[in-house]
Structures are given as structure tokens and as C-alpha cells.
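Notes for the one structure printed next.
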Amino acid sequence: MSAGGRRAVAPLGTCETGGSGRERSTPSPERGAEVRGPEDPICRGIFQVEKRSCDVVLTSSRLTWTPIEPESPTDNKMVSQYKTEFVELKEVFGVKMKRRRSARQQKGGTLLGIAIFVCIKKGQNKLKNRAIHLSNLSEDYCNVWFKHMKDILTEHFPNRPKYLKVVINPYSHRTEAKQVYNEQVAPLFKLADIKTDISTLPYVHTDGNHKFKVTEHEGHAFSVLMECDIQEFDGLVCVGGDGTASEVAHGLLLRAQIDAGRDIDSNFTPVRAPLPLGVIPAGSTNILAFSVHGIKHPGTAAMHIIMGNFQKVDVCTFCSHNRLLQFGFTAMLGFGGRTLALAEKHRWMPSTQRREFAVIKTLTNLKPENCELSFLPSENVYAVDQEDKRNEDEMNAIEQCNNEDKWQTIQGHFLNISIMAIPCVCSMAPRGLAPNTRLDNGSMSLIAVQNCSRADFIKHLKRYGNLKNQFDFPFVQTYAVQEVKIRTGTKHKWTDTTSDKNVDFHSSHSSVISLKENCPWNVDGNLLEGTSEVNIKIHSQLITLYGRNIEECDDVTVKCSCL
């Protein structure tokens, strides 16, 4: 017995003598080549955890530590404090050797023990990291424990990324994207031993850890993805707002079609994206990130990437005259499109002021669009086979069964038309812009707001900022659809061929195609300079995002200050 009433601890990896005099064997970490079950000990020894000597046991599924109790406790209250704690290894994302170094020292240093980094949940959707420190001064012994834990993480969780392609838009929102990545994301990637190859705009910089490339033109994300060997990466990450996320997703899917030999200038069936996409929110609304994470929090987004949490998401194709314009998740015509077009003309203004100015100005000059909507109601059909791959034969069979009798057509004057493949949750719309749709249900929401008074339209907009039903108005119509054809004006019939007089294609694979007629579309926060005819079609689970399915949002009520 020691003076403090605790048992004397024998050297680690040897034997410990209890009060009865019998030797209790502590298995050495070097042992264990035999096959073990998930609860069979791999290592067992003594570490200091939160300044207490603990009996620590490592299995293939969890790490458990129990404070060593006094043999003859004098205070019963102290006994209750010695309870076993554990952490599941599926929640561990990093293991590091902990050392004390001087200010100028880059390597080496005095060993303090092992630091284990764990992903924990805070509240409903927020993810954070927690460090557990196992203190021990034995270099050899800590190396053995470190190796065992690293091997377990590598072998048991192969879906976690090790090498990521990162695209940063430093001009997103308040030019915060680069700072967000460097301060909130890169340190977590380093703890998880994730290597990165970074493309950013417009600076040229190279250091020992990261490579930066210059990309200064429209559609730069697609160009970057075409230049790199996409097969060497485990995932793709974008840092920015909704526009950046949309452009990167479009570039990733477009690269997949080109690699698969798809003719995007025809009625084609797209193939899935080859890599999962992680979205780090660094914009103003961050609808896509909010919808898959349930929160605007860069750390949470990074933790979903590190832990390899996957969520399949539906994607829309936007086509005009049988030619692909863009892959995307959301689109708005009318008020939403005109607001974005006006905001783009005032890029010199701060982002928040520019957005509020555009909303107020568009409301002042509110006018309806004369449109014809033809849509195919959704049947929630999944075209995914048992091997979780897209079954093209089944897709074609489903399309052939969709005869013309199922199509519905409405015509009139609309203040706004929205097509949403995702719920579009954000702080200004806690229920989502399209609360009745899901991320992966093979259906999209068509929301048509017919012509009404300015006061009624503002009431409709304000409903998005609280938990009331924004569709509970006689002038608002909602539909669950698989495909939509929208034609502005009624002078022309539907066309199936491309008119070179009206179309100005920057390139055959540009991320955005401009059309000369003034009919602005807002596609994922990017301006699609208007076409009079657009065909929008949903494609089930076409892309995989890092995140999870958010069925319920936080109880948040945030209203736009301009309304």
C-alpha cells in the first residue's frame, strides 16, 4: 500500500501484485497475434487519465478506463467516484503521440503520453471534437499502444478519407472561406491524418503541406477537376457558399458523364458522381450544407467528412432545347431569379446589404411571369438495384411507362416558381423552402405562386421565417413531381432542337450557359441568364454528400431583416 491508500503499481506490461499477494497478470501489448473477438483485450495497462491512475483496456471496438480504487477506502463517497468510462472506437478519428516542445522545436520533445481525438455530438446536429489524454512517460510502451489504435482505425473504418481534393472560393460571402478552412477545418484534417490538395482563387502560394493552383475563370471548378487525376482522391471538398457548392457538384457530375462517354447534348441518363462531396459552409445562406448537416457549422461539416458519414442526394438536370445547361439542386424563376439578377449587378455592395437591396427593389417592381408549366407527378420510384448502383435498363423502362396521359399542364401569371430537389433548410427558413421533399426520395417540389397583391406576397415570404405553413394561401400551389417543363410566354410551341440564334454557349462543357432572352433563373445561387424553355428532371441519388439525412430541423425562428 502506498501512503495515499492506493495500490502500488508495477511497471507497465509486467505483473501487478494485489493485496492478497497473488500476482494478477497484465497482458503485454506485444501479445495478441491470435484471433480475438470484439471484446477481447488487445492491450491492458496503467495510464494517468485526468490526473488519476487508471486501468486501461483496449479492444477492437472500444477503449475502457477504470480508476484504480484504494484497497481500504476510508470514505464511502470516494468509492462512488471510481466508475468505469469508455469510448467506442467508431467515434475516434485521430490518435497522436503527445509531447512537450520548446517554442523553436519542430520535432521530438519530451513524451507525455497519447492523445485520442473523439467525435461527439452537441445538441441536435452539432458535432465537435474531444481529446482524451492517456499520460505515460514510457516511449516504447506508448508506441505499442499507438500502433495498435492506428491499425484498428485503418482496418475497421476503410470508408474514412485519407486524401482529399479541396476547392476554396476565398471571395465567398465576406471573403471568409480561406480563413474558415485554415482555422476550423484544416486543424481537424491534420488530427485525422488526412492529406489535401487545394485549389483556390486567385493567389499563388506553395508551402510544404499544401499545393495551391490559380483558377480565375467562370467554371474554374470544372477545369480543376478535368486537370486532376480524380481516381487518386477519396473525396472532394468545397469551401464557400451555395454557388460554389453548386459549381463544384456540377463539375464533378459533368466529369463523370465525360468519363463515361455520355452525350450531354441528348436525352441521356446520367451516371453517378465518382467521389463523395463535402460542403464546408462559408457563404451567406448555405442551403445545401444546412440541409445535409442540419446546421451552419464548418466544424460539423468537417467532422462528417472525417468520420465518412455518407448521404445520397437527388440531383436535377436543367436542359434547354435538348442540351444540358447545368446539374443542380434548386431553381427559382420570377421573384427569385430577378432578385439574384439585380444583386449580381451590385456586386460592389457588401453581401448583406446587396441581398436586402435586391429583395426590396424587386418587391417594389414586383411583376408576374406569363408561364406554361407541364409536369409529371411523382411516383417516388427508385431506380437503384440491390448492389446500390443505378440500373439503366430499369430507368429506361420507367421512362417508357410514363405516357403522355400522366402529364399535367397549368398556365397563367406567376410571381415565383420554385423547383426544389432538397428541403433547402437554412436559418431564414427553419422548416425549409421545400419542407415536403427529402434529400433522396426521387422527387422534387414544384411550388408555383400565382399573381397576387404585393401585401399577400410579402405575407407568404414572411412565413418562411417562422414555423407556420408558408403554403397555406389560395394563390400558392405545390406539387411533388419527377419532371417539369417551363415555358415563359405563350407565343412559341415546345421545341426539340437548338436554336443558335438564341443560344450563346461559352463552351460545350461550361458550368453556366447564357441565353440572350431576358428571363433570369436562380439555380443554386448562380444566375442562369434566361431561356424561354427549360426542362428540369430529377435523378435519384445521383451524388453522395458527406453528411446525414436531416428529418427535423432545430426550432429556430430567424426572420429576414428586410421584410
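Ordering of the C-alpha cells sets the chain letters (A, B, ...), residue numbers begin anew at 1 in every chain, and ligands are numbered from 1 in the order given.
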Which polymer residues have any atom within 8 Å of an atom of His304 (chain A), counting only C-alpha atoms, with same-chain residues fewer than 6 positions away left out, as number ranges by chain?
A: 310, 546-547
Residues of region 232-412 of chain A in strand (DSSP E) according to DSSP, as a PyMOL selection string?
chain A and resi 235-240+277-281+310-320+323-328+330-334+369-377+408-412
Which of region 210-394 of chain A DSSP labels helix (DSSP H, G or I), written as number ranges by chain:
A: 220-227, 230-232, 242-259, 287-293, 298-307, 335-344, 351-364, 392-394
May I have the residues within 6 Å of Leu324 (chain A) as JSON, numbers by chain, using only C-alpha atoms and disregarding those fewer than 2 positions away in the same chain?
{"A": [264, 319, 326]}
Would you mind listing what lies within 9 Å of Glu50 (chain A) as JSON, numbers by chain, with only C-alpha atoms counted and same-chain residues fewer than 3 positions away left out?
{"A": [53, 132, 133, 134, 135]}
Please list as a PyMOL selection string every residue within 12 Å of Asp263 (chain A), counting only C-alpha atoms and excluding residues in the same chain fewer than 4 positions away.
chain A and resi 254+256-259+267-271+322-324+508-509
Would you save the residues of that selection, restricted to N, CA and C atoms, as a short mmCIF file (atom, residue, chain, number, x, y, z; two decimals), in the first residue's frame?
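Full text of again.cif as output:
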```cif
data_model
loop_
_atom_site.label_atom_id
_atom_site.label_comp_id
_atom_site.auth_asym_id
_atom_site.auth_seq_id
_atom_site.Cartn_x
_atom_site.Cartn_y
_atom_site.Cartn_z
N LEU A 254 -20.34 16.52 -64.26
CA LEU A 254 -20.01 16.66 -65.67
C LEU A 254 -18.78 15.84 -66.03
N ALA A 256 -17.96 13.11 -64.58
CA ALA A 256 -18.41 11.71 -64.59
C ALA A 256 -19.06 11.35 -65.92
N GLN A 257 -19.85 12.27 -66.48
CA GLN A 257 -20.52 11.98 -67.76
C GLN A 257 -19.49 11.87 -68.89
N ILE A 258 -18.50 12.76 -68.88
CA ILE A 258 -17.48 12.72 -69.92
C ILE A 258 -16.66 11.44 -69.83
N ASP A 259 -16.29 11.06 -68.61
CA ASP A 259 -15.51 9.83 -68.44
C ASP A 259 -16.31 8.60 -68.86
N ASN A 267 -30.92 13.35 -74.89
CA ASN A 267 -31.71 12.89 -73.75
C ASN A 267 -30.99 11.70 -73.12
N PHE A 268 -30.02 11.99 -72.23
CA PHE A 268 -29.16 10.94 -71.70
C PHE A 268 -29.53 10.60 -70.26
N THR A 269 -29.11 9.42 -69.81
CA THR A 269 -29.25 9.00 -68.42
C THR A 269 -27.92 9.20 -67.73
N PRO A 270 -27.81 10.14 -66.80
CA PRO A 270 -26.51 10.44 -66.19
C PRO A 270 -26.03 9.34 -65.26
N VAL A 271 -24.72 9.21 -65.15
CA VAL A 271 -24.11 8.28 -64.20
C VAL A 271 -23.80 9.03 -62.91
N ASN A 322 -32.96 20.39 -75.66
CA ASN A 322 -32.29 19.08 -75.62
C ASN A 322 -30.80 19.19 -75.33
N ARG A 323 -30.39 20.25 -74.69
CA ARG A 323 -28.97 20.41 -74.37
C ARG A 323 -28.82 20.72 -72.88
N LEU A 324 -27.87 20.02 -72.22
CA LEU A 324 -27.67 20.20 -70.79
C LEU A 324 -27.14 21.60 -70.49
N SER A 508 -18.84 23.87 -74.78
CA SER A 508 -19.74 22.72 -74.74
C SER A 508 -19.85 22.14 -73.35
N HIS A 509 -18.91 22.45 -72.45
CA HIS A 509 -18.95 21.89 -71.11
C HIS A 509 -18.86 23.00 -70.06
#
```
As a PyMOL selection string, please: the residues near region 447-464 of chain A (cut-off 9 Å, only C-alpha atoms, same-chain neighbours under 5 positions excluded).
chain A and resi 363-364+366-369+412-420+428-434+469-480+559-560+563
Got a sec: who's within 9 Å of Leu277 (chain A), counting only C-alpha atoms, leaving out chain neighbours fewer than 2 positions off, as a list in words?
Gly235, Leu236, Val237, Cys238, Ala245, Val248, Ala249, Leu252, Ala273, Leu275, Val279, Ile305, Ile543, Thr544, Leu545 and Tyr546 of chain A
Could you turn the residues from that selection into a file that holds all heavy atoms, as a compact mmCIF listing (two decimals), in the first residue's frame?
```txt
# COMPACT_ATOMS: atom_id res chain seq x y z
N GLY A 235 -12.18 11.78 -51.82
CA GLY A 235 -13.34 12.65 -51.78
C GLY A 235 -12.99 14.03 -52.27
O GLY A 235 -11.81 14.38 -52.47
N LEU A 236 -14.03 14.83 -52.46
CA LEU A 236 -13.90 16.20 -52.93
C LEU A 236 -14.56 17.12 -51.91
O LEU A 236 -15.63 16.81 -51.39
CB LEU A 236 -14.57 16.35 -54.30
CG LEU A 236 -14.59 17.73 -54.95
CD1 LEU A 236 -13.17 18.20 -55.27
CD2 LEU A 236 -15.43 17.70 -56.23
N VAL A 237 -13.91 18.23 -51.61
CA VAL A 237 -14.42 19.18 -50.62
C VAL A 237 -14.44 20.57 -51.22
O VAL A 237 -13.48 20.98 -51.88
CB VAL A 237 -13.54 19.18 -49.34
CG1 VAL A 237 -14.04 20.23 -48.35
CG2 VAL A 237 -13.55 17.80 -48.69
N CYS A 238 -15.54 21.29 -51.02
CA CYS A 238 -15.61 22.68 -51.46
C CYS A 238 -15.87 23.56 -50.24
O CYS A 238 -16.60 23.19 -49.33
CB CYS A 238 -16.69 22.89 -52.52
SG CYS A 238 -18.38 22.63 -51.96
N ALA A 245 -20.71 25.52 -54.01
CA ALA A 245 -21.08 24.10 -53.87
C ALA A 245 -21.75 23.59 -55.14
O ALA A 245 -21.49 22.48 -55.61
CB ALA A 245 -22.00 23.91 -52.67
N VAL A 248 -19.10 23.20 -57.98
CA VAL A 248 -18.25 22.03 -57.78
C VAL A 248 -19.03 20.74 -58.04
O VAL A 248 -18.53 19.81 -58.68
CB VAL A 248 -17.65 22.03 -56.36
CG1 VAL A 248 -16.91 20.73 -56.08
CG2 VAL A 248 -16.71 23.22 -56.18
N ALA A 249 -20.28 20.68 -57.55
CA ALA A 249 -21.11 19.49 -57.80
C ALA A 249 -21.36 19.32 -59.30
O ALA A 249 -21.31 18.19 -59.82
CB ALA A 249 -22.44 19.61 -57.05
N LEU A 252 -18.17 18.04 -60.90
CA LEU A 252 -17.93 16.63 -60.58
C LEU A 252 -18.82 15.72 -61.40
O LEU A 252 -18.36 14.70 -61.95
CB LEU A 252 -18.17 16.42 -59.08
CG LEU A 252 -17.97 15.00 -58.54
CD1 LEU A 252 -16.53 14.56 -58.73
CD2 LEU A 252 -18.37 14.94 -57.07
N ALA A 273 -21.86 10.45 -59.55
CA ALA A 273 -20.57 11.08 -59.29
C ALA A 273 -19.60 10.05 -58.73
O ALA A 273 -19.98 9.24 -57.88
CB ALA A 273 -20.74 12.24 -58.32
N LEU A 275 -16.97 10.46 -56.78
CA LEU A 275 -16.44 10.77 -55.45
C LEU A 275 -17.52 11.40 -54.58
O LEU A 275 -18.39 12.12 -55.08
CB LEU A 275 -15.26 11.74 -55.54
CG LEU A 275 -13.98 11.27 -56.23
CD1 LEU A 275 -12.97 12.41 -56.25
CD2 LEU A 275 -13.40 10.06 -55.53
N VAL A 279 -19.26 19.63 -48.23
CA VAL A 279 -19.56 21.06 -48.37
C VAL A 279 -19.27 21.75 -47.04
O VAL A 279 -19.94 21.50 -46.04
CB VAL A 279 -21.03 21.28 -48.77
CG1 VAL A 279 -21.32 22.77 -48.92
CG2 VAL A 279 -21.36 20.53 -50.05
N ILE A 305 -17.11 14.73 -42.79
CA ILE A 305 -16.14 14.27 -43.79
C ILE A 305 -15.14 13.31 -43.16
O ILE A 305 -14.88 12.22 -43.69
CB ILE A 305 -15.41 15.48 -44.41
CG1 ILE A 305 -16.40 16.38 -45.18
CG2 ILE A 305 -14.28 15.01 -45.33
CD1 ILE A 305 -15.81 17.70 -45.62
N ILE A 543 -25.70 11.87 -56.53
CA ILE A 543 -24.44 12.29 -55.91
C ILE A 543 -24.46 11.91 -54.44
O ILE A 543 -25.52 11.80 -53.83
CB ILE A 543 -24.24 13.83 -56.08
CG1 ILE A 543 -22.79 14.22 -55.79
CG2 ILE A 543 -25.19 14.61 -55.18
CD1 ILE A 543 -22.47 15.67 -56.16
N THR A 544 -23.28 11.68 -53.89
CA THR A 544 -23.13 11.37 -52.47
C THR A 544 -22.46 12.53 -51.78
O THR A 544 -21.38 12.98 -52.21
CB THR A 544 -22.31 10.08 -52.26
OG1 THR A 544 -22.97 8.99 -52.89
CG2 THR A 544 -22.16 9.78 -50.79
N LEU A 545 -23.09 13.04 -50.72
CA LEU A 545 -22.52 14.12 -49.93
C LEU A 545 -22.09 13.58 -48.58
O LEU A 545 -22.65 12.61 -48.07
CB LEU A 545 -23.54 15.25 -49.74
CG LEU A 545 -24.09 15.94 -50.99
CD1 LEU A 545 -25.00 17.08 -50.59
CD2 LEU A 545 -22.96 16.45 -51.88
N TYR A 546 -21.10 14.23 -48.00
CA TYR A 546 -20.74 13.92 -46.62
C TYR A 546 -21.77 14.59 -45.71
O TYR A 546 -21.93 15.81 -45.72
CB TYR A 546 -19.34 14.44 -46.29
CG TYR A 546 -18.22 13.65 -46.91
CD1 TYR A 546 -17.51 14.15 -48.00
CD2 TYR A 546 -17.86 12.41 -46.40
CE1 TYR A 546 -16.46 13.43 -48.56
CE2 TYR A 546 -16.82 11.68 -46.96
CZ TYR A 546 -16.12 12.20 -48.03
OH TYR A 546 -15.09 11.48 -48.59
```
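The nearest approach to Cys119 (chain A) among the residues A:Lys345, A:His321, A:Lys90, A:His156, with only C-alpha atoms taken into account, belongs to A:Lys90.
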Do you have, as CSV, the list of residues of region 296-355 of chain A lying at most 8 Å from region 186-202 of chain A, each with its nearest atom pair and that distance in Å to one decimal, counting only C-alpha atoms and ordered by chain then number?
```
residue,atom,partner,partner_atom,distance
A:Ala302,CA,A:Leu188,CA,7.2
A:Met303,CA,A:Leu188,CA,7.7
A:Ile306,CA,A:Ala192,CA,6.9
```
How many Å separate CA of Ala221 (chain A) from CA of Gly251 (chain A)?
6.1 Å
Between A:Ala301, A:Thr531, A:Cys228, A:Leu112, which one has atoms that come closest to Arg99 (chain A), using only C-alpha atoms?
A:Leu112
